[in-house]
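**Q** I am attaching a structure below and will ask some questions about it afterwards.
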Amino acid sequence: MKKLLFFCMSAAMLASCSSEEPAAPGNNGNTVTNPDEIVMGVSGLSVSTSVKGTKAAINEFFEGDKFTVFGLAKNADADWTTTDDRLFDTGYATGRITNAATPYTMYFVDELDAQKHYNYPGYNGNNYSFFACYPEVAAPGILAGQVTATYTVDGKTDIMWAGVSAAALNGVEGYNASYFRQPGAQKPNLNFEHQLTQLVFKFQKGDGFGTEQLNVRNIKINNTFGEGVLTVATTDNAGTPAAHFAGSGEQNVSMSVYDTEDAAIADATDVIILDAPAEATEVGYTMLVPATTYELEVELYTGDDVDTAVTKTVTVQRPDGDFLAGTKYNVTFTISGQIEIEIAEVTVEPWQEEEVDGGEIAM
């Protein structure tokens with residue numbers, strides 16, 4: 001007779017928003033020596049949300065990472081489909097990270113990855129803002145007053161945005177060649193902001209489980225977006241940059257969870273949860289379009305018998321609003337035995353931590 005097991009699964013979500021202020025954008029040690037050439041820096045990532053993965057740009061850039069840069073006229077009646085109101089002939093350029101530590105350095109590259117130089121135009125009455133998106137996008141949408149980038153959301157690729165405008169210097173507005181002829185002019189720095197929500201999944205044995213081996217076979221998120229559109233810039237925000245990323249297409253994708261080597265949990269060796277560890281065992285992570293709730297499907301089994309595996313659906317949500325872009329949520333499952341299925345009270349630790357109990361799961 002097959003043994004019938006009961007488990008209680010509680011999901012505690014800890015919002016790991018860093019309480020530290022982002023580093024102030026610097027000059028990367030460079031002042032502008034040629035006021036006509038467009039030169040830029042990358043000050044870093046504004047929110048530290050990494051798991052211990054190897055994927056570029058979750059928490060840091062790697063040398064060779066590329067992103068798309070736009071130089072757009074700030075005036076409200078600008079038409080970014082015209083060459084006068086944008087700095088790059090095609091409307092955008094490719095930036096490449098040239099070192100692997102902060103402060104990052106970058107230069108522009110062509111389609112063969114060779115360094116490419118661009119110049120500010122002669123005086124045309126325009127002041128320009130810079131915007132960027134990561135990863136680089138092959139065909140951004142450029143309209144008269146809006147720039148967008150469409151991305152595939154695969155759960156392991158970070159999507160980020162940066163925007164920078166210049167305050168007047170000695171009464172001269174920027175960015176343009178005249179601005180960089182002013183004493184003290186410094187090149188613009190791009191500070192990238194994460195546009196996705198990150199979930200990190202952890203498991204631990206609870207009271208009453210016993211000494212049997214617990215195995216995590218699979219985790220996935222159902223009914224989420226597999227595509228999204230980043231609004232890189234509009235003429236309304238060209239002077240005060242801001243971004244918006246939203247899901248597009250059908251909200252019917254099942255998203256994988258990935259381990260620290262970026263392998264899908266379902267394709268990797270099952271994770272064994274030890275008895276009473278000092279800390280919950282981290283199983284994997286995923287990055288998603290921000291939403292109000294996420295529907296998780298978790299597959300577990302005990303001992304060496306895969307035939308005892310059970311799959312349960314758990315819905316997680318924040319008690320005070322939507323999941324936020326640029327925030328990492330630690331979702332901790334506590335697996336207990338022989339307890340009636342119930343949903344516990346939701347408690348919230350101010351600022352640093354959020355806990356959501358996902359209830360019991362019967363195997």
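Identifiers in the structure tokens: chain A, B, ... in order shown; residue index from 1 per chain; ligand index from 1 in order shown.
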Please build the interface table for range 288-320 of chain A against range 184-205 of chain A with a cut-off of 10 Å, listing for each qualifying residue the nearest atom pair and the distance in Å to one decimal; count only C-alpha atoms, order rows by chain and increasing number, and write it as a Markdown table.

**A**
```
| residue | atom | partner | partner_atom | distance |
| --- | --- | --- | --- | --- |
| A:Leu288 | CA | A:Thr197 | CA | 5.2 |
| A:Val289 | CA | A:Leu196 | CA | 5.3 |
| A:Pro290 | CA | A:Thr197 | CA | 5.4 |
| A:Ala291 | CA | A:Thr197 | CA | 8.4 |
| A:Tyr294 | CA | A:Leu199 | CA | 10.0 |
```

**Q** How about saving the chosen residues, N, CA and C atoms kept, as a PDB file, in the first residue's frame?

**A**
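Generated file (again28.pdb):
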```pdb
ATOM      1  N   LEU A 288      10.507  38.122 -13.229  1.00  0.00           N
ATOM      2  CA  LEU A 288       9.185  38.172 -13.840  1.00  0.00           C
ATOM      3  C   LEU A 288       8.723  39.599 -14.050  1.00  0.00           C
ATOM      4  N   VAL A 289       7.743  39.761 -14.933  1.00  0.00           N
ATOM      5  CA  VAL A 289       7.070  41.040 -15.067  1.00  0.00           C
ATOM      6  C   VAL A 289       6.363  41.322 -13.748  1.00  0.00           C
ATOM      7  N   PRO A 290       6.526  42.512 -13.165  1.00  0.00           N
ATOM      8  CA  PRO A 290       5.841  42.830 -11.907  1.00  0.00           C
ATOM      9  C   PRO A 290       4.346  42.577 -12.003  1.00  0.00           C
ATOM     10  N   ALA A 291       3.765  42.024 -10.931  1.00  0.00           N
ATOM     11  CA  ALA A 291       2.352  41.654 -10.937  1.00  0.00           C
ATOM     12  C   ALA A 291       1.793  41.785  -9.524  1.00  0.00           C
ATOM     13  N   TYR A 294       1.391  35.910  -7.981  1.00  0.00           N
ATOM     14  CA  TYR A 294       2.033  34.898  -8.819  1.00  0.00           C
ATOM     15  C   TYR A 294       1.499  33.528  -8.420  1.00  0.00           C
TER      16      TYR A 294
END
```

**Q** Which one of A:Ala233, A:Met160, A:Val283, A:Ile219 sits closest to Glu261 in chain A if you count only C-alpha atoms?

**A**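 Residue with the minimum atom-to-atom distance to Glu261 in chain A: A:Val283.
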
**Q** Nearest to Phe70 in chain A: which of A:Gly155, A:Gly321, A:Gly163, A:Pro183 is it, counting only C-alpha atoms?

**A**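 Once distances to Phe70 in chain A are computed over only C-alpha atoms, the minimum belongs to A:Gly163.
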
**Q** Using DSSP secondary structure from the backbone, list all strand (DSSP E) positions within range 184-332 of chain A, as a ChimeraX atom specification.

**A** /A:189-194,197-205,214-224,227-234,244-247,253-256,271-273,281-288,293-302,310-317,328-332

**Q** Select, from A:Gly210, A:Gly41, A:Gly174, A:Gly141, the residue with the minimum atom-to-atom distance to Trp80 in chain A, counting only C-alpha atoms.

**A**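 Looking at the shortest contact to Trp80 in chain A, the residue is A:Gly141.
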
**Q** Would you mind telling me which residue in A:Ala78, A:Phe225, A:Glu136, A:Ser43 lies nearest to Gln251 in chain A when using only C-alpha atoms?

**A** A:Phe225

**Q** Range 103-331 of chain A: which residues are helix (DSSP H, G or I) by DSSP, as a PyMOL selection string?

**A** chain A and resi 179-181+265-267+306-308
